[in-house]
Amino acid sequence: MIGLLVRRNLLFILMSLEVMVNAAGLAFVVAGASHGQADGQVMFIFILAVAAAEVAVGLALVLLLYHRYRTLDVDMASQLRG
Amino acid sequence: MDWLFYIAGVVAVGATLMMLTRQNAVHALLYLIVSLLAVAVVFFVLGAPFAAALEVIIYAGAIMVLFIFVVMLLNVGPRAGELESAWLTPTVWAGPAVLAAILAGEIVYILSSPGLGIEPAAEIPPERVGLALYGPYLVAVELASMLLLGGLVGAYHLGREDRVRLETATHGVHTDVAGSDSGGDLVRAGSDRTAGAA
């Protein structure tokens, strides 16, 4: 979360998002392990699918932004008008 | 074994902090991969071997490879070679290598001492995960497949729009000089393309 707030490089923001999603998955697996249920790992698999879809679209957007602005600074992309 | 969990946890937190404070994307990616491997070891010690395998294969394998692809795509050009050699000096990969060696030592210790890593009662085998996944969670699996299809179509659409923009740029009908006009307008991009083709 700190990385998401502090860094202005879009690639680092995506990496921080991965860390946060991973933390959510870790919490699910730990909860499932402490209760002895398999549901935690099932939710981890779903989180994995969400992270894969998110990173595919996010990295395509990173490439688009870089080709347009020649930078990865997200402050440059503050004007979204089509 | 508690100390395996604690060592892997410390490695994960340390690698993530190092990732957040790097300036270079490739250095941060090295630490992020080590962090994901450490979380995989934590999963294994917690008795979730299937989640650990998925973490290594999908996260540290597939998703990180996507990141590395994008980093390499953003740095194409004549300077890419010297940049690459400048990125991988020994002082850069020494930190991730040490952390990964700690994790490898843990794995070797677990494998060399059977029954020491996790107690069998706490372990949730992949069979139970599979039964739960295709039993009560069947609808969620279908929804996840829909989400992945959406992600696939979205990424393909974004990449395709990028190629249209590049085509118009090379054909000289591209007016996106400052990069701030409506070059991303889908309707206009499509009409440009069809007009150029006709």
# chains A, B, ... in the order shown; residues from 1 in each chain; ligands from 1

call {"tool": "select_by_dssp", "arguments": {"residues": "chain A", "states": "alpha helix (DSSP H)", "output": "ChimeraX atom specification"}}
result
/A:2-6,10-35,39-69

call {"tool": "write_last_selection", "arguments": {"atoms": "C-alpha atoms", "output": "CSV table (one decimal), in the first residue's frame"}}
result
chain,number,residue,atom,x,y,z
A,2,ILE,CA,2.9,2.3,0.8
A,3,GLY,CA,4.3,1.6,-2.7
A,4,LEU,CA,1.0,2.5,-4.2
A,5,LEU,CA,0.9,5.8,-2.4
A,6,VAL,CA,4.5,6.8,-2.7
A,10,LEU,CA,3.4,3.1,-13.1
A,11,LEU,CA,5.4,-0.1,-13.2
A,12,PHE,CA,6.1,0.2,-9.5
A,13,ILE,CA,2.5,0.9,-8.8
A,14,LEU,CA,1.5,-2.3,-10.6
A,15,MET,CA,4.2,-4.2,-8.7
A,16,SER,CA,2.8,-2.8,-5.4
A,17,LEU,CA,-0.7,-3.9,-6.5
A,18,GLU,CA,0.7,-7.4,-7.0
A,19,VAL,CA,2.1,-7.4,-3.5
A,20,MET,CA,-1.2,-6.2,-2.1
A,21,VAL,CA,-3.2,-8.9,-3.9
A,22,ASN,CA,-0.6,-11.4,-2.8
A,23,ALA,CA,-1.1,-10.3,0.8
A,24,ALA,CA,-4.8,-10.9,0.5
A,25,GLY,CA,-4.2,-14.4,-0.9
A,26,LEU,CA,-1.8,-15.0,2.0
A,27,ALA,CA,-4.4,-14.0,4.5
A,28,PHE,CA,-6.9,-16.4,2.9
A,29,VAL,CA,-4.5,-19.3,2.9
A,30,VAL,CA,-3.5,-18.6,6.6
A,31,ALA,CA,-7.2,-18.4,7.6
A,32,GLY,CA,-7.9,-21.7,5.7
A,33,ALA,CA,-5.0,-23.4,7.3
A,34,SER,CA,-5.9,-22.3,10.8
A,35,HIS,CA,-9.4,-23.6,10.4
A,39,ASP,CA,-11.7,-22.9,1.2
A,40,GLY,CA,-8.8,-20.7,1.8
A,41,GLN,CA,-6.8,-22.2,-1.0
A,42,VAL,CA,-9.8,-22.1,-3.3
A,43,MET,CA,-10.1,-18.4,-2.7
A,44,PHE,CA,-6.4,-18.1,-3.3
A,45,ILE,CA,-6.9,-19.7,-6.7
A,46,PHE,CA,-9.6,-17.1,-7.5
A,47,ILE,CA,-7.3,-14.3,-6.3
A,48,LEU,CA,-4.6,-15.7,-8.6
A,49,ALA,CA,-7.0,-15.6,-11.6
A,50,VAL,CA,-8.0,-12.0,-10.7
A,51,ALA,CA,-4.3,-11.0,-10.4
A,52,ALA,CA,-3.5,-12.6,-13.8
A,53,ALA,CA,-6.3,-10.8,-15.6
A,54,GLU,CA,-5.5,-7.5,-13.8
A,55,VAL,CA,-1.8,-7.6,-14.7
A,56,ALA,CA,-2.5,-8.5,-18.3
A,57,VAL,CA,-4.8,-5.5,-18.8
A,58,GLY,CA,-2.6,-3.3,-16.6
A,59,LEU,CA,0.6,-4.0,-18.5
A,60,ALA,CA,-1.2,-3.4,-21.8
A,61,LEU,CA,-2.2,0.0,-20.4
A,62,VAL,CA,1.4,0.7,-19.3
A,63,LEU,CA,2.6,0.0,-22.8
A,64,LEU,CA,-0.1,2.3,-24.3
A,65,LEU,CA,0.8,5.1,-21.8
A,66,TYR,CA,4.5,4.8,-22.5
A,67,HIS,CA,3.9,4.9,-26.3
A,68,ARG,CA,1.8,8.0,-25.9
A,69,TYR,CA,3.7,10.1,-23.3

call {"tool": "atom_distance", "arguments": {"atom1": "CA of Ile110 (chain B)", "atom2": "CA of Ala94 (chain B)"}}
result
24.3 Å

call {"tool": "residues_around", "arguments": {"residues": "Met64 (chain B)", "least_positions_apart": "5", "cutoff": "10 Å", "atoms": "only C-alpha atoms", "output": "PyMOL selection string"}}
result
(chain A and resi 15+18+55) or (chain B and resi 29-30+32-33+36+58-59+69-70)

call {"tool": "residues_around", "arguments": {"residues": "region 38-51 of chain B", "least_positions_apart": "5", "cutoff": "7 Å", "atoms": "only C-alpha atoms", "output": "number ranges by chain"}}
result
A: 33, 41; B: 5, 8-9, 11-12, 56, 103, 117-118, 122-124, 126

call {"tool": "atom_distance", "arguments": {"atom1": "CA of Val141 (chain B)", "atom2": "CA of Ala38 (chain A)"}}
result
15.0 Å

call {"tool": "atom_distance", "arguments": {"atom1": "CA of Ser85 (chain B)", "atom2": "CA of Arg8 (chain A)"}}
result
25.5 Å

call {"tool": "closest_residue", "arguments": {"among": "B:Ile107, B:Val98, B:Val153, B:Val92", "to": "chain A", "atoms": "only C-alpha atoms"}}
result
B:Val153

call {"tool": "closest_residue", "arguments": {"among": "B:Leu147, B:Val10, B:Ile57, B:Ala97", "to": "chain A", "atoms": "only C-alpha atoms"}}
result
B:Leu147

call {"tool": "decode", "arguments": {"residues": "region 63-77 of chain A", "atoms": "all heavy atoms", "output": "compact mmCIF listing (two decimals), in the first residue's frame"}}
result
# COMPACT_ATOMS: atom_id res chain seq x y z
N LEU A 63 1.98 -0.11 -21.52
CA LEU A 63 2.60 0.04 -22.84
C LEU A 63 1.95 1.18 -23.62
O LEU A 63 2.64 1.98 -24.26
CB LEU A 63 2.49 -1.27 -23.62
CG LEU A 63 3.48 -2.36 -23.21
CD1 LEU A 63 3.25 -3.60 -24.03
CD2 LEU A 63 4.90 -1.86 -23.42
N LEU A 64 0.62 1.26 -23.56
CA LEU A 64 -0.08 2.35 -24.26
C LEU A 64 0.36 3.70 -23.72
O LEU A 64 0.65 4.63 -24.48
CB LEU A 64 -1.58 2.19 -24.08
CG LEU A 64 -2.32 1.36 -25.10
CD1 LEU A 64 -3.79 1.43 -24.84
CD2 LEU A 64 -2.01 1.87 -26.48
N LEU A 65 0.40 3.82 -22.40
CA LEU A 65 0.78 5.10 -21.79
C LEU A 65 2.20 5.48 -22.17
O LEU A 65 2.48 6.64 -22.47
CB LEU A 65 0.66 4.98 -20.27
CG LEU A 65 0.83 6.29 -19.51
CD1 LEU A 65 -0.49 7.00 -19.45
CD2 LEU A 65 1.37 6.06 -18.13
N TYR A 66 3.09 4.48 -22.20
CA TYR A 66 4.47 4.80 -22.54
C TYR A 66 4.60 5.23 -23.99
O TYR A 66 5.34 6.15 -24.32
CB TYR A 66 5.37 3.60 -22.26
CG TYR A 66 6.82 3.91 -22.46
CD1 TYR A 66 7.50 4.65 -21.50
CD2 TYR A 66 7.49 3.49 -23.59
CE1 TYR A 66 8.83 4.97 -21.67
CE2 TYR A 66 8.82 3.80 -23.76
CZ TYR A 66 9.48 4.53 -22.80
OH TYR A 66 10.80 4.84 -22.99
N HIS A 67 3.86 4.56 -24.87
CA HIS A 67 3.95 4.95 -26.28
C HIS A 67 3.38 6.33 -26.51
O HIS A 67 3.78 7.03 -27.44
CB HIS A 67 3.22 3.93 -27.15
CG HIS A 67 4.01 2.68 -27.34
ND1 HIS A 67 5.32 2.69 -27.76
CD2 HIS A 67 3.70 1.39 -27.15
CE1 HIS A 67 5.77 1.46 -27.82
NE2 HIS A 67 4.81 0.65 -27.45
N ARG A 68 2.42 6.74 -25.67
CA ARG A 68 1.81 8.05 -25.89
C ARG A 68 2.61 9.18 -25.25
O ARG A 68 2.88 10.18 -25.87
CB ARG A 68 0.40 8.05 -25.34
CG ARG A 68 -0.30 9.36 -25.57
CD ARG A 68 -1.77 9.23 -25.36
NE ARG A 68 -2.32 8.16 -26.17
CZ ARG A 68 -3.57 7.75 -26.07
NH1 ARG A 68 -4.37 8.32 -25.21
NH2 ARG A 68 -4.03 6.79 -26.83
N TYR A 69 3.04 8.98 -24.00
CA TYR A 69 3.67 10.08 -23.27
C TYR A 69 5.17 9.93 -23.16
O TYR A 69 5.84 10.82 -22.65
CB TYR A 69 3.07 10.18 -21.87
CG TYR A 69 1.63 10.58 -21.86
CD1 TYR A 69 0.65 9.67 -21.54
CD2 TYR A 69 1.25 11.89 -22.16
CE1 TYR A 69 -0.68 10.04 -21.54
CE2 TYR A 69 -0.06 12.26 -22.15
CZ TYR A 69 -1.03 11.33 -21.84
OH TYR A 69 -2.34 11.69 -21.83
N ARG A 70 5.73 8.79 -23.54
CA ARG A 70 7.17 8.54 -23.43
C ARG A 70 7.64 8.63 -21.99
O ARG A 70 8.76 9.01 -21.71
CB ARG A 70 7.98 9.52 -24.29
CG ARG A 70 7.82 9.30 -25.76
CD ARG A 70 8.55 8.05 -26.21
NE ARG A 70 7.82 7.41 -27.30
CZ ARG A 70 8.08 6.17 -27.71
NH1 ARG A 70 9.00 5.47 -27.12
NH2 ARG A 70 7.40 5.63 -28.67
N THR A 71 6.77 8.34 -21.06
CA THR A 71 7.17 8.30 -19.67
C THR A 71 6.24 7.34 -18.94
O THR A 71 5.20 6.96 -19.47
CB THR A 71 7.11 9.68 -19.02
OG1 THR A 71 7.51 9.55 -17.65
CG2 THR A 71 5.72 10.25 -19.06
N LEU A 72 6.64 6.97 -17.74
CA LEU A 72 5.78 6.10 -16.93
C LEU A 72 5.24 6.85 -15.72
O LEU A 72 4.69 6.25 -14.82
CB LEU A 72 6.56 4.87 -16.47
CG LEU A 72 6.76 3.83 -17.55
CD1 LEU A 72 7.56 2.66 -17.01
CD2 LEU A 72 5.43 3.33 -18.07
N ASP A 73 5.43 8.16 -15.69
CA ASP A 73 4.93 8.96 -14.58
C ASP A 73 3.42 9.05 -14.67
O ASP A 73 2.88 9.51 -15.68
CB ASP A 73 5.56 10.35 -14.65
CG ASP A 73 5.33 11.11 -13.37
OD1 ASP A 73 4.65 10.56 -12.48
OD2 ASP A 73 5.84 12.23 -13.26
N VAL A 74 2.74 8.61 -13.62
CA VAL A 74 1.28 8.61 -13.70
C VAL A 74 0.73 10.03 -13.63
O VAL A 74 -0.40 10.27 -14.04
CB VAL A 74 0.66 7.77 -12.58
CG1 VAL A 74 0.81 6.31 -12.87
CG2 VAL A 74 1.25 8.11 -11.25
N ASP A 75 1.51 10.98 -13.11
CA ASP A 75 1.00 12.35 -13.06
C ASP A 75 0.86 12.94 -14.47
O ASP A 75 0.10 13.87 -14.68
CB ASP A 75 1.94 13.23 -12.24
CG ASP A 75 1.88 12.85 -10.78
OD1 ASP A 75 0.85 12.31 -10.37
OD2 ASP A 75 2.87 13.07 -10.07
N MET A 76 1.61 12.38 -15.42
CA MET A 76 1.47 12.85 -16.80
C MET A 76 0.12 12.44 -17.38
O MET A 76 -0.38 13.06 -18.31
CB MET A 76 2.59 12.27 -17.66
CG MET A 76 3.94 12.82 -17.36
SD MET A 76 4.07 14.55 -17.73
CE MET A 76 3.91 14.49 -19.50
N ALA A 77 -0.46 11.39 -16.82
CA ALA A 77 -1.72 10.87 -17.37
C ALA A 77 -2.90 11.41 -16.59
O ALA A 77 -3.91 10.74 -16.44
CB ALA A 77 -1.72 9.35 -17.32
